[in-house]
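Novice: So here's my_file_35.tsv, just TSV, C-alpha atoms:
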```
chain	number	residue	atom	x	y	z
A	1	MET	CA	0.00	0.00	0.00
A	2	LYS	CA	1.21	3.49	-0.88
A	3	ILE	CA	0.93	6.68	1.15
A	4	PHE	CA	0.39	10.03	-0.55
A	5	LEU	CA	0.73	13.42	1.10
A	6	ALA	CA	-2.31	15.63	0.49
A	7	SER	CA	-0.40	18.88	0.18
A	8	ALA	CA	1.12	21.43	-2.17
A	9	ASN	CA	3.57	22.76	0.43
A	10	LEU	CA	7.11	22.11	-0.75
A	11	GLU	CA	8.59	22.11	2.75
A	12	ASP	CA	6.08	19.50	3.95
A	13	ILE	CA	6.58	17.34	0.86
A	14	ARG	CA	10.36	17.43	1.24
A	15	TRP	CA	10.07	16.62	4.96
A	16	ALA	CA	7.92	13.55	4.30
A	17	SER	CA	9.85	12.42	1.23
A	18	HIS	CA	13.24	12.74	2.94
A	19	ARG	CA	12.02	10.46	5.75
A	20	ARG	CA	10.64	7.94	3.24
A	21	LEU	CA	7.16	8.34	4.71
A	22	ILE	CA	5.38	8.90	1.40
A	23	ASP	CA	5.26	7.46	-2.08
A	24	GLY	CA	3.74	10.46	-3.80
A	25	VAL	CA	1.55	13.55	-3.53
A	26	LEU	CA	-2.12	14.36	-4.04
A	27	THR	CA	-2.94	18.01	-4.56
A	28	THR	CA	-6.07	20.05	-5.26
A	29	HIS	CA	-7.06	23.56	-6.36
A	30	GLY	CA	-7.43	24.65	-2.76
A	31	LEU	CA	-4.08	23.24	-1.65
A	32	ILE	CA	-2.21	24.89	-4.51
A	33	GLY	CA	-4.05	28.18	-3.99
A	34	SER	CA	-3.13	28.23	-0.30
A	35	GLU	CA	0.55	28.34	-1.28
A	36	GLU	CA	-0.07	31.45	-3.43
A	37	PRO	CA	2.57	30.54	-6.03
A	38	GLU	CA	3.63	33.18	-8.53
A	39	ASP	CA	3.73	30.55	-11.27
A	40	VAL	CA	1.44	27.54	-10.78
A	41	ARG	CA	3.12	25.43	-13.47
A	42	GLU	CA	6.55	26.03	-11.97
A	43	HIS	CA	5.23	25.22	-8.51
A	44	LEU	CA	3.77	21.94	-9.77
A	45	ALA	CA	7.09	21.08	-11.40
A	46	LEU	CA	8.82	21.65	-8.05
A	47	VAL	CA	6.21	19.47	-6.32
A	48	CYS	CA	6.95	16.67	-8.79
A	49	ARG	CA	10.68	16.92	-8.14
A	50	ALA	CA	10.20	17.02	-4.37
A	51	SER	CA	7.82	14.06	-4.38
A	52	GLY	CA	9.92	11.65	-6.38
A	53	GLY	CA	6.78	9.62	-7.04
A	54	PRO	CA	3.28	9.94	-8.50
A	55	VAL	CA	1.67	13.38	-8.23
A	56	LEU	CA	-2.11	13.68	-8.58
A	57	VAL	CA	-3.12	17.08	-9.96
A	58	THR	CA	-6.65	18.30	-10.63
A	59	ALA	CA	-7.67	19.49	-14.08
A	60	HIS	CA	-8.96	23.08	-14.00
A	61	ALA	CA	-12.06	22.39	-16.10
A	62	LEU	CA	-15.38	20.58	-16.13
A	63	THR	CA	-16.44	20.46	-19.79
A	64	SER	CA	-15.23	17.63	-21.97
A	65	ALA	CA	-13.12	19.69	-24.37
A	66	ASP	CA	-11.58	21.80	-21.61
A	67	VAL	CA	-10.81	18.79	-19.43
A	68	TYR	CA	-9.08	17.06	-22.33
A	69	ARG	CA	-7.01	20.11	-23.19
A	70	ASP	CA	-6.08	20.91	-19.58
A	71	ALA	CA	-5.16	17.31	-18.79
A	72	ARG	CA	-2.89	17.11	-21.82
A	73	GLU	CA	-1.08	20.25	-20.70
A	74	LEU	CA	-0.69	19.01	-17.12
A	75	ALA	CA	0.71	15.69	-18.29
A	76	LYS	CA	3.50	17.55	-20.11
A	77	LEU	CA	4.86	18.88	-16.81
A	78	SER	CA	6.14	15.51	-15.63
A	79	ASP	CA	5.91	11.80	-16.33
A	80	ASN	CA	4.87	11.40	-12.67
A	81	ILE	CA	1.57	13.23	-13.05
A	82	LEU	CA	-1.85	11.61	-12.85
A	83	VAL	CA	-4.60	14.04	-13.75
A	84	GLN	CA	-7.57	14.07	-11.37
A	85	ILE	CA	-10.88	14.41	-13.20
A	86	PRO	CA	-14.35	14.39	-11.58
A	87	PHE	CA	-16.24	11.30	-12.71
A	88	VAL	CA	-19.34	12.82	-14.27
A	89	GLU	CA	-21.13	11.93	-17.48
A	90	ASP	CA	-20.01	15.00	-19.40
A	91	VAL	CA	-16.32	14.12	-19.19
A	92	VAL	CA	-16.34	10.31	-19.44
A	93	ASP	CA	-15.39	10.53	-23.11
A	94	SER	CA	-12.41	12.73	-22.20
A	95	ILE	CA	-11.18	10.12	-19.72
A	96	HIS	CA	-11.25	7.55	-22.51
A	97	ARG	CA	-9.50	9.82	-25.01
A	98	LEU	CA	-6.81	10.72	-22.50
A	99	SER	CA	-6.16	7.07	-21.64
A	100	VAL	CA	-5.77	6.29	-25.34
A	101	ASP	CA	-3.28	9.18	-25.57
A	102	GLY	CA	-1.28	7.73	-22.68
A	103	VAL	CA	-2.32	10.34	-20.10
A	104	ARG	CA	-2.94	8.69	-16.72
A	105	VAL	CA	-6.25	9.69	-15.14
A	106	ALA	CA	-7.50	9.38	-11.57
A	107	ALA	CA	-11.29	9.65	-11.38
A	108	THR	CA	-12.54	11.66	-8.40
A	109	LEU	CA	-15.95	12.00	-6.75
A	110	VAL	CA	-16.36	8.24	-6.94
A	111	PHE	CA	-18.49	6.88	-4.10
A	112	SER	CA	-19.85	3.52	-5.27
A	113	ALA	CA	-18.47	0.29	-6.66
A	114	ALA	CA	-20.61	0.81	-9.77
A	115	GLN	CA	-18.97	4.18	-10.42
A	116	ALA	CA	-15.54	2.63	-9.86
A	117	LEU	CA	-16.24	-0.10	-12.42
A	118	LEU	CA	-17.47	2.42	-14.98
A	119	ALA	CA	-14.45	4.66	-14.37
A	120	ALA	CA	-12.19	1.67	-14.96
A	121	ARG	CA	-14.06	0.86	-18.17
A	122	ALA	CA	-13.59	4.46	-19.34
A	123	GLY	CA	-9.84	4.13	-18.86
A	124	ALA	CA	-9.12	5.60	-15.44
A	125	ARG	CA	-5.98	4.27	-13.76
A	126	ALA	CA	-7.20	5.12	-10.25
A	127	VAL	CA	-10.33	6.14	-8.38
A	128	VAL	CA	-10.18	8.61	-5.49
A	129	VAL	CA	-12.63	8.05	-2.64
A	130	SER	CA	-13.19	10.88	-0.15
A	131	ILE	CA	-13.36	9.38	3.34
A	132	ASP	CA	-14.53	12.74	4.72
A	133	ASP	CA	-17.54	12.82	2.42
A	134	LEU	CA	-18.49	9.22	3.18
A	135	ASP	CA	-18.35	9.94	6.90
A	136	ALA	CA	-20.43	13.09	6.47
A	137	ALA	CA	-23.06	11.02	4.64
A	138	GLY	CA	-23.12	8.50	7.48
A	139	GLN	CA	-21.56	5.71	5.42
A	140	ASP	CA	-19.02	3.17	6.67
A	141	ALA	CA	-15.91	4.05	4.66
A	142	GLY	CA	-14.29	0.69	5.33
A	143	ALA	CA	-17.33	-1.19	4.04
A	144	VAL	CA	-17.51	0.99	0.92
A	145	LEU	CA	-13.83	0.43	0.17
A	146	ARG	CA	-14.25	-3.33	0.57
A	147	GLU	CA	-17.08	-3.22	-1.98
A	148	PHE	CA	-14.76	-1.35	-4.34
A	149	ARG	CA	-12.02	-3.91	-3.81
A	150	ASP	CA	-14.29	-6.92	-4.36
A	151	ALA	CA	-15.91	-5.42	-7.46
A	152	LEU	CA	-12.68	-4.35	-9.12
A	153	ASP	CA	-10.89	-7.61	-8.32
A	154	GLY	CA	-13.89	-9.60	-9.52
A	155	SER	CA	-13.85	-7.79	-12.86
A	156	SER	CA	-10.04	-8.01	-13.17
A	157	SER	CA	-9.87	-4.22	-13.43
A	158	GLU	CA	-6.36	-2.88	-12.87
A	159	VAL	CA	-7.43	0.30	-11.13
A	160	ASP	CA	-5.94	1.64	-7.91
A	161	ILE	CA	-8.24	2.65	-5.06
A	162	ILE	CA	-7.02	5.81	-3.34
A	163	ALA	CA	-8.62	6.63	0.01
A	164	HIS	CA	-8.47	10.38	0.47
A	165	ASN	CA	-8.24	12.13	3.82
A	166	PRO	CA	-8.78	9.68	6.68
A	167	ARG	CA	-8.45	11.80	9.82
A	168	THR	CA	-7.44	9.30	12.49
A	169	ALA	CA	-5.15	6.32	12.96
A	170	SER	CA	-8.19	4.02	13.18
A	171	GLN	CA	-9.61	5.37	9.92
A	172	PHE	CA	-6.21	5.00	8.28
A	173	ALA	CA	-5.94	1.39	9.43
A	174	ALA	CA	-9.50	0.67	8.30
A	175	CYS	CA	-8.71	1.94	4.81
A	176	ALA	CA	-5.62	-0.24	4.64
A	177	ALA	CA	-7.50	-3.30	5.93
A	178	ALA	CA	-10.27	-2.72	3.36
A	179	GLY	CA	-7.77	-3.06	0.52
A	180	ALA	CA	-6.98	0.53	-0.50
A	181	ASP	CA	-3.98	0.66	-2.84
A	182	ALA	CA	-3.05	4.10	-1.54
A	183	ILE	CA	-4.09	6.47	1.22
A	184	ALA	CA	-3.72	10.26	0.95
A	185	VAL	CA	-3.33	12.10	4.25
A	186	THR	CA	-2.63	15.67	5.28
A	187	THR	CA	0.68	16.62	6.86
A	188	ASP	CA	-0.98	17.01	10.27
A	189	THR	CA	-2.51	13.55	10.04
A	190	LEU	CA	0.77	12.01	8.92
A	191	ARG	CA	2.56	13.53	11.91
A	192	GLU	CA	-0.17	12.24	14.22
A	193	LEU	CA	0.21	8.73	12.79
A	194	LEU	CA	3.85	8.76	13.90
A	195	VAL	CA	2.98	9.07	17.59
A	196	HIS	CA	1.17	7.03	20.24
A	197	PRO	CA	0.82	7.54	24.00
A	198	LEU	CA	2.45	4.17	24.70
A	199	THR	CA	5.37	5.08	22.45
A	200	ASP	CA	5.85	8.29	24.43
A	201	ARG	CA	5.71	6.33	27.69
A	202	GLY	CA	8.27	3.86	26.36
A	203	ILE	CA	10.60	6.69	25.36
A	204	ASP	CA	10.38	8.10	28.88
A	205	ARG	CA	11.44	4.73	30.30
A	206	PHE	CA	14.21	4.44	27.74
A	207	LEU	CA	15.58	7.88	28.59
A	208	LYS	CA	15.48	7.01	32.28
A	209	GLU	CA	17.49	3.86	31.64
A	210	LEU	CA	20.02	5.79	29.58
A	211	SER	CA	20.51	8.26	32.42
A	212	GLN	CA	21.33	5.36	34.77
A	213	ARG	CA	23.63	3.36	32.52
A	214	HIS	CA	26.39	4.85	30.40
A	215	ALA	CA	27.77	1.77	28.68
A	216	ALA	CA	27.90	2.05	24.91
A	217	TRP	CA	27.70	-0.67	22.26
A	218	THR	CA	30.82	0.58	20.48
A	219	VAL	CA	33.27	-2.25	19.88
A	220	VAL	CA	36.96	-1.23	20.06
```
If you convert what's in this file into structure tokens, what do you get?

Specialist:
Amino acid sequence: MKIFLASANLEDIRWASHRRLIDGVLTTHGLIGSEEPEDVREHLALVCRASGGPVLVTAHALTSADVYRDARELAKLSDNILVQIPFVEDVVDSIHRLSVDGVRVAATLVFSAAQALLAARAGARAVVVSIDDLDAAGQDAGAVLREFRDALDGSSSEVDIIAHNPRTASQFAACAAAGADAIAVTTDTLRELLVHPLTDRGIDRFLKELSQRHAAWTVV
């Protein structure tokens, strides 16, 4: 399973990438806008270099012709880019055309196994499932992801399931257990996943032991 950082902040991406905590980046209009870059294309190029892995970038359009054109331009920035496109009827043909052209597409706003299967048929390489939105709708995200997994495996569809924005360690684990191929988390969530009260307690004991014993493992 892969971990993506949901961010457009270069410092955060470099921090996570340097520590080998992530495999790639997922970014959105809002995340890029919050960085207020002078040149969006240059900023995205820097994100791709900092990530060292797949970078999911949202197309800035919602009509078929505009989505196709924008996705083609985004794909030119880096071989690492997957273009995120909302899975709605008006742009399904663009997803197919882009896949034929070799542009990798991640379908977003996918909330059912049926949508995931249709996105795969259209040519999407991944489907992005918003855990936040499922929770807000009162749905069990883990159960939904398991339906995705069973349906896609049963149809032999080679499409990655990306769980976007689990907020807690338990949600993160549930996504992994349900068969998500990748999980995209914010920087704050990633940092929270690194810690646990029992780990902190163990470190306190370890530091106490170190203060009492000074022997080192160095072999002369």

Novice: With distances taken over all atoms listed in the file, which residue among A:Arg146, A:Arg191, A:Arg205, A:His196 lies nearest Ala177 (chain A)?

Specialist: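 Looking only at the distances to Ala177 (chain A), the closest residue turns out to be A:Arg146.
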
Novice: Could you tell me, as a compact mmCIF listing (two decimals) with C-alpha atoms, keeping the file's coordinate frame, which residues have any atom at most 12 Å from (-9.6, 4.7, -17.8), counting only C-alpha atoms?

Specialist:
```txt
# COMPACT_ATOMS: atom_id res chain seq x y z
CA LEU A 82 -1.85 11.61 -12.85
CA VAL A 83 -4.60 14.04 -13.75
CA GLN A 84 -7.57 14.07 -11.37
CA ILE A 85 -10.88 14.41 -13.20
CA PHE A 87 -16.24 11.30 -12.71
CA VAL A 91 -16.32 14.12 -19.19
CA VAL A 92 -16.34 10.31 -19.44
CA ASP A 93 -15.39 10.53 -23.11
CA SER A 94 -12.41 12.73 -22.20
CA ILE A 95 -11.18 10.12 -19.72
CA HIS A 96 -11.25 7.55 -22.51
CA ARG A 97 -9.50 9.82 -25.01
CA LEU A 98 -6.81 10.72 -22.50
CA SER A 99 -6.16 7.07 -21.64
CA VAL A 100 -5.77 6.29 -25.34
CA ASP A 101 -3.28 9.18 -25.57
CA GLY A 102 -1.28 7.73 -22.68
CA VAL A 103 -2.32 10.34 -20.10
CA ARG A 104 -2.94 8.69 -16.72
CA VAL A 105 -6.25 9.69 -15.14
CA ALA A 106 -7.50 9.38 -11.57
CA ALA A 107 -11.29 9.65 -11.38
CA GLN A 115 -18.97 4.18 -10.42
CA ALA A 116 -15.54 2.63 -9.86
CA LEU A 117 -16.24 -0.10 -12.42
CA LEU A 118 -17.47 2.42 -14.98
CA ALA A 119 -14.45 4.66 -14.37
CA ALA A 120 -12.19 1.67 -14.96
CA ARG A 121 -14.06 0.86 -18.17
CA ALA A 122 -13.59 4.46 -19.34
CA GLY A 123 -9.84 4.13 -18.86
CA ALA A 124 -9.12 5.60 -15.44
CA ARG A 125 -5.98 4.27 -13.76
CA ALA A 126 -7.20 5.12 -10.25
CA VAL A 127 -10.33 6.14 -8.38
CA SER A 157 -9.87 -4.22 -13.43
CA GLU A 158 -6.36 -2.88 -12.87
CA VAL A 159 -7.43 0.30 -11.13
CA ASP A 160 -5.94 1.64 -7.91
```

Novice: Rank nothing, just name the residue among A:Leu74, A:Thr28, A:Leu62, A:Leu194 nearest to Ala16 (chain A), using only C-alpha atoms.

Specialist: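 Distance minimum relative to Ala16 (chain A) lands on A:Leu194.
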
Novice: Could you check how far CA of Gln139 (chain A) sits from CA of Gln171 (chain A), in Å to one decimal?

Specialist: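 For CA of Gln139 (chain A) relative to CA of Gln171 (chain A), the distance reads 12.8 Å.
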
Novice: Rounded to one decimal place, report the CA of Ala169 (chain A)-CA of Ile183 (chain A) distance in Å.

Specialist: 11.8 Å

Novice: Of the residues A:Thr108, A:Thr199, A:Ser78, A:Ser130, which is the one nearest to Ala59 (chain A), using only C-alpha atoms?

Specialist: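 Closest to Ala59 (chain A), using only C-alpha atoms: A:Thr108.
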
Novice: Could I get region 49-85 of chain A from the block written as a compact mmCIF listing (two decimals), in the first residue's frame, with N, CA, C and O atoms?

Specialist:
```
# COMPACT_ATOMS: atom_id res chain seq x y z
N ARG A 49 9.28 17.22 -8.48
CA ARG A 49 10.68 16.92 -8.14
C ARG A 49 10.82 16.56 -6.67
O ARG A 49 11.58 15.66 -6.30
N ALA A 50 10.10 17.28 -5.81
CA ALA A 50 10.20 17.02 -4.37
C ALA A 50 9.57 15.69 -4.00
O ALA A 50 10.05 15.01 -3.09
N SER A 51 8.53 15.30 -4.70
CA SER A 51 7.82 14.06 -4.38
C SER A 51 8.64 12.83 -4.73
O SER A 51 8.75 11.91 -3.94
N GLY A 52 9.19 12.82 -5.93
CA GLY A 52 9.92 11.65 -6.38
C GLY A 52 9.04 10.48 -6.76
O GLY A 52 9.52 9.39 -7.08
N GLY A 53 7.73 10.68 -6.71
CA GLY A 53 6.78 9.62 -7.04
C GLY A 53 5.58 10.19 -7.75
O GLY A 53 5.61 11.33 -8.23
N PRO A 54 4.48 9.44 -7.82
CA PRO A 54 3.28 9.94 -8.50
C PRO A 54 2.76 11.23 -7.86
O PRO A 54 2.82 11.39 -6.64
N VAL A 55 2.27 12.13 -8.70
CA VAL A 55 1.67 13.38 -8.23
C VAL A 55 0.30 13.51 -8.89
O VAL A 55 0.20 13.58 -10.11
N LEU A 56 -0.75 13.53 -8.07
CA LEU A 56 -2.11 13.68 -8.58
C LEU A 56 -2.47 15.15 -8.60
O LEU A 56 -2.43 15.82 -7.56
N VAL A 57 -2.81 15.66 -9.77
CA VAL A 57 -3.12 17.08 -9.96
C VAL A 57 -4.49 17.21 -10.62
O VAL A 57 -4.81 16.48 -11.55
N THR A 58 -5.29 18.14 -10.13
CA THR A 58 -6.65 18.30 -10.63
C THR A 58 -6.70 19.16 -11.88
O THR A 58 -6.10 20.23 -11.93
N ALA A 59 -7.44 18.69 -12.88
CA ALA A 59 -7.67 19.49 -14.08
C ALA A 59 -8.55 20.68 -13.72
O ALA A 59 -9.51 20.56 -12.96
N HIS A 60 -8.23 21.85 -14.30
CA HIS A 60 -8.96 23.08 -14.00
C HIS A 60 -10.09 23.27 -15.01
O HIS A 60 -10.16 24.29 -15.71
N ALA A 61 -10.98 22.30 -15.12
CA ALA A 61 -12.06 22.39 -16.10
C ALA A 61 -13.14 21.37 -15.76
O ALA A 61 -12.89 20.43 -14.98
N LEU A 62 -14.31 21.53 -16.37
CA LEU A 62 -15.38 20.58 -16.13
C LEU A 62 -16.18 20.26 -17.39
O LEU A 62 -17.08 19.44 -17.36
N THR A 63 -15.83 20.86 -18.52
CA THR A 63 -16.44 20.46 -19.79
C THR A 63 -15.48 19.52 -20.49
O THR A 63 -14.27 19.56 -20.27
N SER A 64 -16.03 18.68 -21.35
CA SER A 64 -15.23 17.63 -21.97
C SER A 64 -14.01 18.17 -22.72
O SER A 64 -12.88 17.70 -22.53
N ALA A 65 -14.23 19.16 -23.56
CA ALA A 65 -13.12 19.69 -24.37
C ALA A 65 -12.07 20.35 -23.49
O ALA A 65 -10.86 20.17 -23.70
N ASP A 66 -12.52 21.11 -22.48
CA ASP A 66 -11.58 21.80 -21.61
C ASP A 66 -10.81 20.83 -20.73
O ASP A 66 -9.61 21.02 -20.48
N VAL A 67 -11.48 19.80 -20.24
CA VAL A 67 -10.81 18.79 -19.43
C VAL A 67 -9.72 18.10 -20.25
O VAL A 67 -8.60 17.90 -19.78
N TYR A 68 -10.05 17.74 -21.46
CA TYR A 68 -9.08 17.06 -22.33
C TYR A 68 -7.87 17.95 -22.58
O TYR A 68 -6.72 17.50 -22.44
N ARG A 69 -8.11 19.20 -22.90
CA ARG A 69 -7.01 20.11 -23.19
C ARG A 69 -6.16 20.37 -21.94
O ARG A 69 -4.92 20.32 -22.00
N ASP A 70 -6.81 20.61 -20.80
CA ASP A 70 -6.08 20.91 -19.58
C ASP A 70 -5.27 19.70 -19.12
O ASP A 70 -4.12 19.84 -18.68
N ALA A 71 -5.85 18.52 -19.21
CA ALA A 71 -5.16 17.31 -18.79
C ALA A 71 -3.93 17.05 -19.65
O ALA A 71 -2.88 16.64 -19.14
N ARG A 72 -4.04 17.28 -20.93
CA ARG A 72 -2.89 17.11 -21.82
C ARG A 72 -1.76 18.04 -21.43
O ARG A 72 -0.57 17.65 -21.42
N GLU A 73 -2.09 19.29 -21.09
CA GLU A 73 -1.08 20.25 -20.70
C GLU A 73 -0.43 19.87 -19.36
O GLU A 73 0.78 19.98 -19.20
N LEU A 74 -1.24 19.41 -18.41
CA LEU A 74 -0.69 19.01 -17.12
C LEU A 74 0.25 17.82 -17.27
O LEU A 74 1.30 17.76 -16.62
N ALA A 75 -0.11 16.89 -18.11
CA ALA A 75 0.71 15.69 -18.29
C ALA A 75 2.09 16.02 -18.86
O ALA A 75 3.05 15.26 -18.65
N LYS A 76 2.21 17.15 -19.54
CA LYS A 76 3.50 17.55 -20.11
C LYS A 76 4.48 18.00 -19.05
O LYS A 76 5.69 18.05 -19.28
N LEU A 77 3.98 18.36 -17.85
CA LEU A 77 4.86 18.88 -16.81
C LEU A 77 5.80 17.82 -16.26
O LEU A 77 6.94 18.11 -15.90
N SER A 78 5.32 16.58 -16.20
CA SER A 78 6.14 15.51 -15.63
C SER A 78 5.53 14.15 -15.96
O SER A 78 4.30 14.02 -16.06
N ASP A 79 6.39 13.16 -16.11
CA ASP A 79 5.91 11.80 -16.33
C ASP A 79 5.23 11.23 -15.08
O ASP A 79 4.54 10.21 -15.15
N ASN A 80 5.44 11.89 -13.94
CA ASN A 80 4.87 11.40 -12.67
C ASN A 80 3.41 11.79 -12.47
O ASN A 80 2.77 11.29 -11.55
N ILE A 81 2.90 12.67 -13.31
CA ILE A 81 1.57 13.23 -13.05
C ILE A 81 0.44 12.29 -13.45
O ILE A 81 0.46 11.67 -14.53
N LEU A 82 -0.54 12.18 -12.54
CA LEU A 82 -1.85 11.61 -12.85
C LEU A 82 -2.84 12.76 -12.74
O LEU A 82 -2.84 13.48 -11.74
N VAL A 83 -3.66 12.93 -13.75
CA VAL A 83 -4.60 14.04 -13.75
C VAL A 83 -5.90 13.61 -13.08
O VAL A 83 -6.51 12.61 -13.47
N GLN A 84 -6.31 14.36 -12.06
CA GLN A 84 -7.57 14.07 -11.37
C GLN A 84 -8.72 14.74 -12.13
O GLN A 84 -8.70 15.93 -12.39
N ILE A 85 -9.73 13.92 -12.45
CA ILE A 85 -10.88 14.41 -13.20
C ILE A 85 -12.15 13.92 -12.51
O ILE A 85 -12.29 12.73 -12.25
```
